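Here's the structure we're looking at; comments come further down.
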Amino acid sequence: MDTRIMGVETEYGVHTVHPTKRPLAPDEVARYMFKPVVDWGNSSNVFISNGSRLYLDVGSHPEYATAETTRLDELLASDAAGDAIMHRLVTKAQQAMADDGFDGQVYLYRNNADSLGNSYGSHENYMIERTTQYRRLAEALLPFMVTRQLICGSGVVIQDPNVLPLVEQFPTRSDPHFAFSQRADYMYEAISSSSTRARPMINTRDEPHADSSKFRRLHVIVGDSNMSETTQLLRFGATDLLLRIIEAGKPLSNLQLAHPVRAIRNVSHDLTGNAPLELVGGRTMTALEIQEYYLDMAQEFLNKNGEHHGYLKQIMDLWERTLEAIRSQNYSAIDTEIDWAIKYKFFNAYAHKNNLDWDTARLVQLDMSYHDIDPQRGLFNLLEARGAAARVLTDAQVEAAHNNPPATTRALLRHRFIHSARALGMDYSMDWTHMKLNHHPMQTLYIRDAFETDISIVDELFAKVASADL
Amino acid sequence: MAQDQQRPPHQRHEEDQHIPDPLPEGTPSPGSASAQSADLDSLLDEIDGVLEVNAEEFVQGFVQKGGQ
């Protein structure tokens with residue numbers, strides 16, 4: 001596809017702390033958080049002005065799904081706007097809770113697991129052509145997904161490896177350590193249609209949210225929740241590039257992993273990148289070698305086919321430098337750009353200064369703090385404010401994305417519809433493809449082309465119902 | 001708390017919008033590198049003021065049922 005629809009869904013962890021009393025449970029705090037949302041839209045599952053979806057997910061996770069985007073800067077900006085919106089909701093919730101006599105601090109984390117090993121995620125969506133065989137594509141993509149944590153893992157403190165899920169079946173190093181991926185230890189399957197029970201890396205559920213005769217939606221749920229914009233640029237950019245190569249018909253299946261679920265753990269727990277992974281057929285390759293293979297293939301593809309957007313030089317450069325940093329075990333060239341390296345640098349310095357080892361709760365707490373979305377308190381945000389984490393976006397781009405939709409997709413129509421209906425005080429309902437005025441159900445708009453940007457379609461609907469109401 | 005606007009070597013200027021220019025080669029100037037590490041040193045101290053005192057209790061208290 002020349003232009004691809006992309007989106008990302010982020011589930012946030014809710015944590016409340018009180019010095020003396022039992023704090024409110026996550027579902028109670030989430031209800032406080034979503035009170036203003038329900039007041040605004042009569043539901044805890046709404047589409048908002050910027051075209052994104054804001055809702056309470058299973059397990060009372062506040063969740064934000066970006067609007068459909070086609071450009072990486074749009075995607076990153078919409079995603080960052082989600083953090084800002086969530087932070088506003090937390091701030092209001094704290095106030096409302098205090099009014100009801102519940103003081104205590106609420107923390108919202110953009111991370112991947114709680115202290116008991118309940119995992120939640122950051123789910124990516126990529127539109128792909130129906131003509132590309134899904135199973136072939138998913139299989140071809142899998143070795144990349146298993147090893148992608150080298151370039152876009154968020155890093156994690158493993159305080160006690162012996163309590164990791166499936167550790168008996170898939171033992172890794174048994175001493176406390178720092179690993180590449182927050183999410184890797186919670187993957188139970190490679191490719192499947194379930195997202196909760198089996199928790200696969202690639203989900204095959206066929207909900208295209210578009211013309212189903214032409215498109216599918218690739219649903220990737222193996223990713224870490226990232227904090228760094230540059231890491232996300234590389235993550236989404238490299239994945240889109242791999243999809244283009246597969247769509248162009250390049251055969252990638254000669255790297256099929258013999259044991260993907262074991263492999264993803266082995267990759268995560270070895271910062272040298274040298275974990276040997278068994279391929280179908282008996283050959284082994286290291287995680288680094290597999291990533292180098294994909295990097296070379298991507299470079300070759302770009303040399304032949306040209307660059308399809310303006311970030312590719314930055315993406316290829318960062319990809320190459322990250323693999324080189326792992327190969328040489330000198331992370332200094334990427335320690336402002338890749339989440340795990342940013343985290344590792346600070347945690348190492350903190351541990352050294354305070355004489356701590358990876359088995360201390362303080363470092364796990366620091367890990368949680370890295371993912372705390374509070375701009376004044378979260379460790380990543382503090383690092384970014386001091387220039388210790390590189391940016392892709394400007395503050396102005398993120399601010400604009402709070403209320404404005406991406407300019408290149410049907411989110412533009414959704415934005416127009418929401419504003420028109422609310423200005424007229426008309427009840428409405430919508431999902432990704434439908435927009436309906438509740439009192440004019442026959443006039444429902446069904447926009448199955450995700451690239452549709454003609455807002456006159458919406459304006460015509462409102463003109464029509466206005467004349468019908470006369 | 002100091003709000004140093006020192007940028008890391010690979011960061012783009014704020015004026016740039018949308019289509020980025022190719023990045024300059026990434027060797028930080030000695031000046032910016034030391035400014036950054038000095039700033040991190042102060043954050044290593046300040047972060048203790050942000051974190052709740054009882055780390056063990058704080059970590060154990062975060063229980064959020066699974067999602068997706």
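Ordering of the structure tokens sets the chain letters (A, B, ...), residue numbers begin anew at 1 in every chain, and ligands are numbered from 1 in the order given.
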
Identify every residue of chain A that has at least one atom within 6 Å of any atom of chain B, counting only C-alpha atoms, and report the result as a list in words.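 So the residues of chain A near chain B are His15, Val58, Gly59, Asp114, Ser115, Asn118, Ser119, Tyr120, Thr196, Gly310, Ala361, Arg362, Gln365, Arg386, Gly387, Ala390, Arg391 and Thr394 of chain A.
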
Can you tell me which residues surround Asp185 of chain A at a distance of at most 7 Å, considering only C-alpha atoms, apart from same-chain residues fewer than 6 positions away, and format the answer as a ChimeraX atom specification? /A:164-165,265

Run DSSP on the backbone of this structure and report the residues of segment 248-339 of chain A it assigns to alpha helix (DSSP H), as a ChimeraX atom specification. /A:260-268,287-305,312-328,339

Fewer than 3 positions away in the same chain doesn't count, so skip those; otherwise give me all residues within 9 Å of Pro23 of chain A, counting only C-alpha atoms, as JSON, numbers by chain. {"A": [15, 16, 17, 18, 19, 20, 102, 103, 104, 105]}

Let's have the selection written as an mmCIF file, in the first residue's frame, with N, CA and C atoms.
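Everything below was put into result_15.cif:
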data_model
loop_
_atom_site.group_PDB
_atom_site.id
_atom_site.type_symbol
_atom_site.label_atom_id
_atom_site.label_comp_id
_atom_site.auth_asym_id
_atom_site.auth_seq_id
_atom_site.Cartn_x
_atom_site.Cartn_y
_atom_site.Cartn_z
ATOM 1 N N HIS A 15 -3.240 3.174 39.594
ATOM 2 C CA HIS A 15 -2.660 2.829 40.899
ATOM 3 C C HIS A 15 -2.937 3.980 41.869
ATOM 4 N N THR A 16 -3.531 3.661 43.002
ATOM 5 C CA THR A 16 -3.794 4.702 43.991
ATOM 6 C C THR A 16 -3.049 4.395 45.283
ATOM 7 N N VAL A 17 -2.468 5.412 45.851
ATOM 8 C CA VAL A 17 -1.650 5.236 47.049
ATOM 9 C C VAL A 17 -2.160 6.161 48.140
ATOM 10 N N HIS A 18 -2.291 5.597 49.332
ATOM 11 C CA HIS A 18 -2.655 6.412 50.482
ATOM 12 C C HIS A 18 -1.743 6.040 51.638
ATOM 13 N N PRO A 19 -1.203 7.042 52.343
ATOM 14 C CA PRO A 19 -0.218 6.730 53.390
ATOM 15 C C PRO A 19 -0.780 5.895 54.541
ATOM 16 N N THR A 20 -2.052 6.025 54.842
ATOM 17 C CA THR A 20 -2.579 5.304 56.006
ATOM 18 C C THR A 20 -3.783 4.417 55.701
ATOM 19 N N PHE A 102 -11.858 11.146 49.722
ATOM 20 C CA PHE A 102 -10.818 10.178 49.402
ATOM 21 C C PHE A 102 -9.555 10.906 48.963
ATOM 22 N N ASP A 103 -8.688 11.200 49.923
ATOM 23 C CA ASP A 103 -7.420 11.773 49.486
ATOM 24 C C ASP A 103 -6.492 10.606 49.173
ATOM 25 N N GLY A 104 -5.364 10.884 48.637
ATOM 26 C CA GLY A 104 -4.474 9.831 48.144
ATOM 27 C C GLY A 104 -4.068 10.182 46.742
ATOM 28 N N GLN A 105 -2.938 9.620 46.341
ATOM 29 C CA GLN A 105 -2.373 9.951 45.034
ATOM 30 C C GLN A 105 -2.752 8.916 43.986
#

Write out as a list in words all residues of segment 162-346 of chain A that DSSP puts in strand (DSSP E) for this structure's backbone.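 Residues meeting the strand (DSSP E) criterion: His177, Phe178, Ala179, Glu189, Ala190, Ile191, Ser192, Pro200, Met201, Ile202, Asn203, Phe215, Arg216, Arg217, Leu218, His219, Val220, Pro276, Leu277, Glu278, Thr284, Met285 and Thr286 of chain A.
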
How would the residues just chosen look if you wrote them out with N, CA, C and O atoms as a PDB file, in the first residue's frame?
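See out10.pdb below for the written result:
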ATOM      1  N   HIS A 177      17.727  -9.037  37.028  1.00  0.00           N
ATOM      2  CA  HIS A 177      18.443  -8.385  35.934  1.00  0.00           C
ATOM      3  C   HIS A 177      17.563  -7.353  35.230  1.00  0.00           C
ATOM      4  O   HIS A 177      16.399  -7.159  35.589  1.00  0.00           O
ATOM      5  N   PHE A 178      18.131  -6.739  34.245  1.00  0.00           N
ATOM      6  CA  PHE A 178      17.402  -5.786  33.410  1.00  0.00           C
ATOM      7  C   PHE A 178      17.191  -6.446  32.049  1.00  0.00           C
ATOM      8  O   PHE A 178      18.116  -7.031  31.495  1.00  0.00           O
ATOM      9  N   ALA A 179      15.950  -6.369  31.523  1.00  0.00           N
ATOM     10  CA  ALA A 179      15.651  -7.034  30.250  1.00  0.00           C
ATOM     11  C   ALA A 179      15.106  -6.027  29.238  1.00  0.00           C
ATOM     12  O   ALA A 179      14.723  -4.917  29.597  1.00  0.00           O
ATOM     13  N   GLU A 189       1.258 -17.190  22.917  1.00  0.00           N
ATOM     14  CA  GLU A 189       1.029 -17.805  21.616  1.00  0.00           C
ATOM     15  C   GLU A 189       1.573 -16.896  20.537  1.00  0.00           C
ATOM     16  O   GLU A 189       1.732 -15.701  20.762  1.00  0.00           O
ATOM     17  N   ALA A 190       1.823 -17.472  19.363  1.00  0.00           N
ATOM     18  CA  ALA A 190       2.382 -16.646  18.284  1.00  0.00           C
ATOM     19  C   ALA A 190       1.286 -15.934  17.502  1.00  0.00           C
ATOM     20  O   ALA A 190       1.263 -14.712  17.401  1.00  0.00           O
ATOM     21  N   ILE A 191       0.369 -16.706  16.946  1.00  0.00           N
ATOM     22  CA  ILE A 191      -0.672 -16.122  16.099  1.00  0.00           C
ATOM     23  C   ILE A 191      -1.989 -16.775  16.479  1.00  0.00           C
ATOM     24  O   ILE A 191      -2.086 -17.993  16.484  1.00  0.00           O
ATOM     25  N   SER A 192      -2.988 -15.965  16.836  1.00  0.00           N
ATOM     26  CA  SER A 192      -4.260 -16.565  17.210  1.00  0.00           C
ATOM     27  C   SER A 192      -5.366 -15.530  17.143  1.00  0.00           C
ATOM     28  O   SER A 192      -5.112 -14.340  16.973  1.00  0.00           O
ATOM     29  N   PRO A 200      -1.825 -13.798  22.071  1.00  0.00           N
ATOM     30  CA  PRO A 200      -0.863 -14.024  20.997  1.00  0.00           C
ATOM     31  C   PRO A 200      -0.123 -12.744  20.631  1.00  0.00           C
ATOM     32  O   PRO A 200      -0.495 -11.667  21.060  1.00  0.00           O
ATOM     33  N   MET A 201       0.927 -12.894  19.853  1.00  0.00           N
ATOM     34  CA  MET A 201       1.694 -11.725  19.420  1.00  0.00           C
ATOM     35  C   MET A 201       0.969 -10.994  18.286  1.00  0.00           C
ATOM     36  O   MET A 201       0.948  -9.773  18.231  1.00  0.00           O
ATOM     37  N   ILE A 202       0.395 -11.802  17.387  1.00  0.00           N
ATOM     38  CA  ILE A 202      -0.376 -11.216  16.297  1.00  0.00           C
ATOM     39  C   ILE A 202      -1.777 -11.803  16.367  1.00  0.00           C
ATOM     40  O   ILE A 202      -1.953 -13.013  16.453  1.00  0.00           O
ATOM     41  N   ASN A 203      -2.761 -10.942  16.356  1.00  0.00           N
ATOM     42  CA  ASN A 203      -4.146 -11.367  16.507  1.00  0.00           C
ATOM     43  C   ASN A 203      -4.790 -11.450  15.131  1.00  0.00           C
ATOM     44  O   ASN A 203      -4.647 -10.541  14.317  1.00  0.00           O
ATOM     45  N   PHE A 215      -9.655  -4.764   2.262  1.00  0.00           N
ATOM     46  CA  PHE A 215      -8.655  -4.553   3.313  1.00  0.00           C
ATOM     47  C   PHE A 215      -8.830  -5.485   4.496  1.00  0.00           C
ATOM     48  O   PHE A 215      -9.917  -5.972   4.784  1.00  0.00           O
ATOM     49  N   ARG A 216      -7.736  -5.668   5.212  1.00  0.00           N
ATOM     50  CA  ARG A 216      -7.768  -6.266   6.535  1.00  0.00           C
ATOM     51  C   ARG A 216      -7.037  -5.336   7.471  1.00  0.00           C
ATOM     52  O   ARG A 216      -6.365  -4.409   7.048  1.00  0.00           O
ATOM     53  N   ARG A 217      -7.197  -5.633   8.761  1.00  0.00           N
ATOM     54  CA  ARG A 217      -6.479  -4.844   9.757  1.00  0.00           C
ATOM     55  C   ARG A 217      -5.542  -5.793  10.488  1.00  0.00           C
ATOM     56  O   ARG A 217      -5.985  -6.739  11.130  1.00  0.00           O
ATOM     57  N   LEU A 218      -4.252  -5.531  10.372  1.00  0.00           N
ATOM     58  CA  LEU A 218      -3.280  -6.337  11.112  1.00  0.00           C
ATOM     59  C   LEU A 218      -3.243  -5.819  12.549  1.00  0.00           C
ATOM     60  O   LEU A 218      -2.995  -4.638  12.778  1.00  0.00           O
ATOM     61  N   HIS A 219      -3.512  -6.717  13.498  1.00  0.00           N
ATOM     62  CA  HIS A 219      -3.606  -6.325  14.893  1.00  0.00           C
ATOM     63  C   HIS A 219      -2.422  -6.932  15.644  1.00  0.00           C
ATOM     64  O   HIS A 219      -2.366  -8.140  15.843  1.00  0.00           O
ATOM     65  N   VAL A 220      -1.478  -6.093  16.046  1.00  0.00           N
ATOM     66  CA  VAL A 220      -0.245  -6.558  16.671  1.00  0.00           C
ATOM     67  C   VAL A 220      -0.303  -6.250  18.161  1.00  0.00           C
ATOM     68  O   VAL A 220      -0.420  -5.087  18.547  1.00  0.00           O
ATOM     69  N   PRO A 276      20.661 -17.439  21.194  1.00  0.00           N
ATOM     70  CA  PRO A 276      20.493 -18.245  19.981  1.00  0.00           C
ATOM     71  C   PRO A 276      19.042 -18.693  19.828  1.00  0.00           C
ATOM     72  O   PRO A 276      18.432 -19.174  20.780  1.00  0.00           O
ATOM     73  N   LEU A 277      18.468 -18.496  18.653  1.00  0.00           N
ATOM     74  CA  LEU A 277      17.081 -18.869  18.409  1.00  0.00           C
ATOM     75  C   LEU A 277      17.035 -19.963  17.350  1.00  0.00           C
ATOM     76  O   LEU A 277      17.639 -19.826  16.277  1.00  0.00           O
ATOM     77  N   GLU A 278      16.317 -21.034  17.684  1.00  0.00           N
ATOM     78  CA  GLU A 278      16.259 -22.156  16.753  1.00  0.00           C
ATOM     79  C   GLU A 278      15.238 -21.889  15.651  1.00  0.00           C
ATOM     80  O   GLU A 278      14.105 -21.486  15.923  1.00  0.00           O
ATOM     81  N   THR A 284      20.313 -22.249  13.811  1.00  0.00           N
ATOM     82  CA  THR A 284      20.052 -21.214  14.807  1.00  0.00           C
ATOM     83  C   THR A 284      20.597 -19.869  14.313  1.00  0.00           C
ATOM     84  O   THR A 284      21.565 -19.809  13.563  1.00  0.00           O
ATOM     85  N   MET A 285      19.928 -18.820  14.743  1.00  0.00           N
ATOM     86  CA  MET A 285      20.394 -17.457  14.494  1.00  0.00           C
ATOM     87  C   MET A 285      20.225 -16.682  15.790  1.00  0.00           C
ATOM     88  O   MET A 285      19.373 -17.019  16.603  1.00  0.00           O
ATOM     89  N   THR A 286      21.019 -15.626  15.980  1.00  0.00           N
ATOM     90  CA  THR A 286      20.820 -14.800  17.166  1.00  0.00           C
ATOM     91  C   THR A 286      19.786 -13.719  16.845  1.00  0.00           C
ATOM     92  O   THR A 286      19.499 -13.431  15.679  1.00  0.00           O
TER      93      THR A 286
END

Using only C-alpha atoms, which residues sit within 12 Å of Lys464 of chain A once same-chain residues fewer than 3 positions away are excluded, as number ranges by chain? A: 437, 440, 442-444, 456-461, 467-470

Counting only C-alpha atoms, what is within 9 Å of Ser49 of chain A, bar same-chain residues fewer than 2 positions away, as a ChimeraX atom specification? /A:47,51-52,402-405,414-416,418-419

Near Thr360 of chain A, counting only C-alpha atoms, which residues have an atom at most 10 Å away, once you skip same-chain residues fewer than 6 positions from it, shown as a ChimeraX atom specification? /A:157-160,176,351 /B:55-56
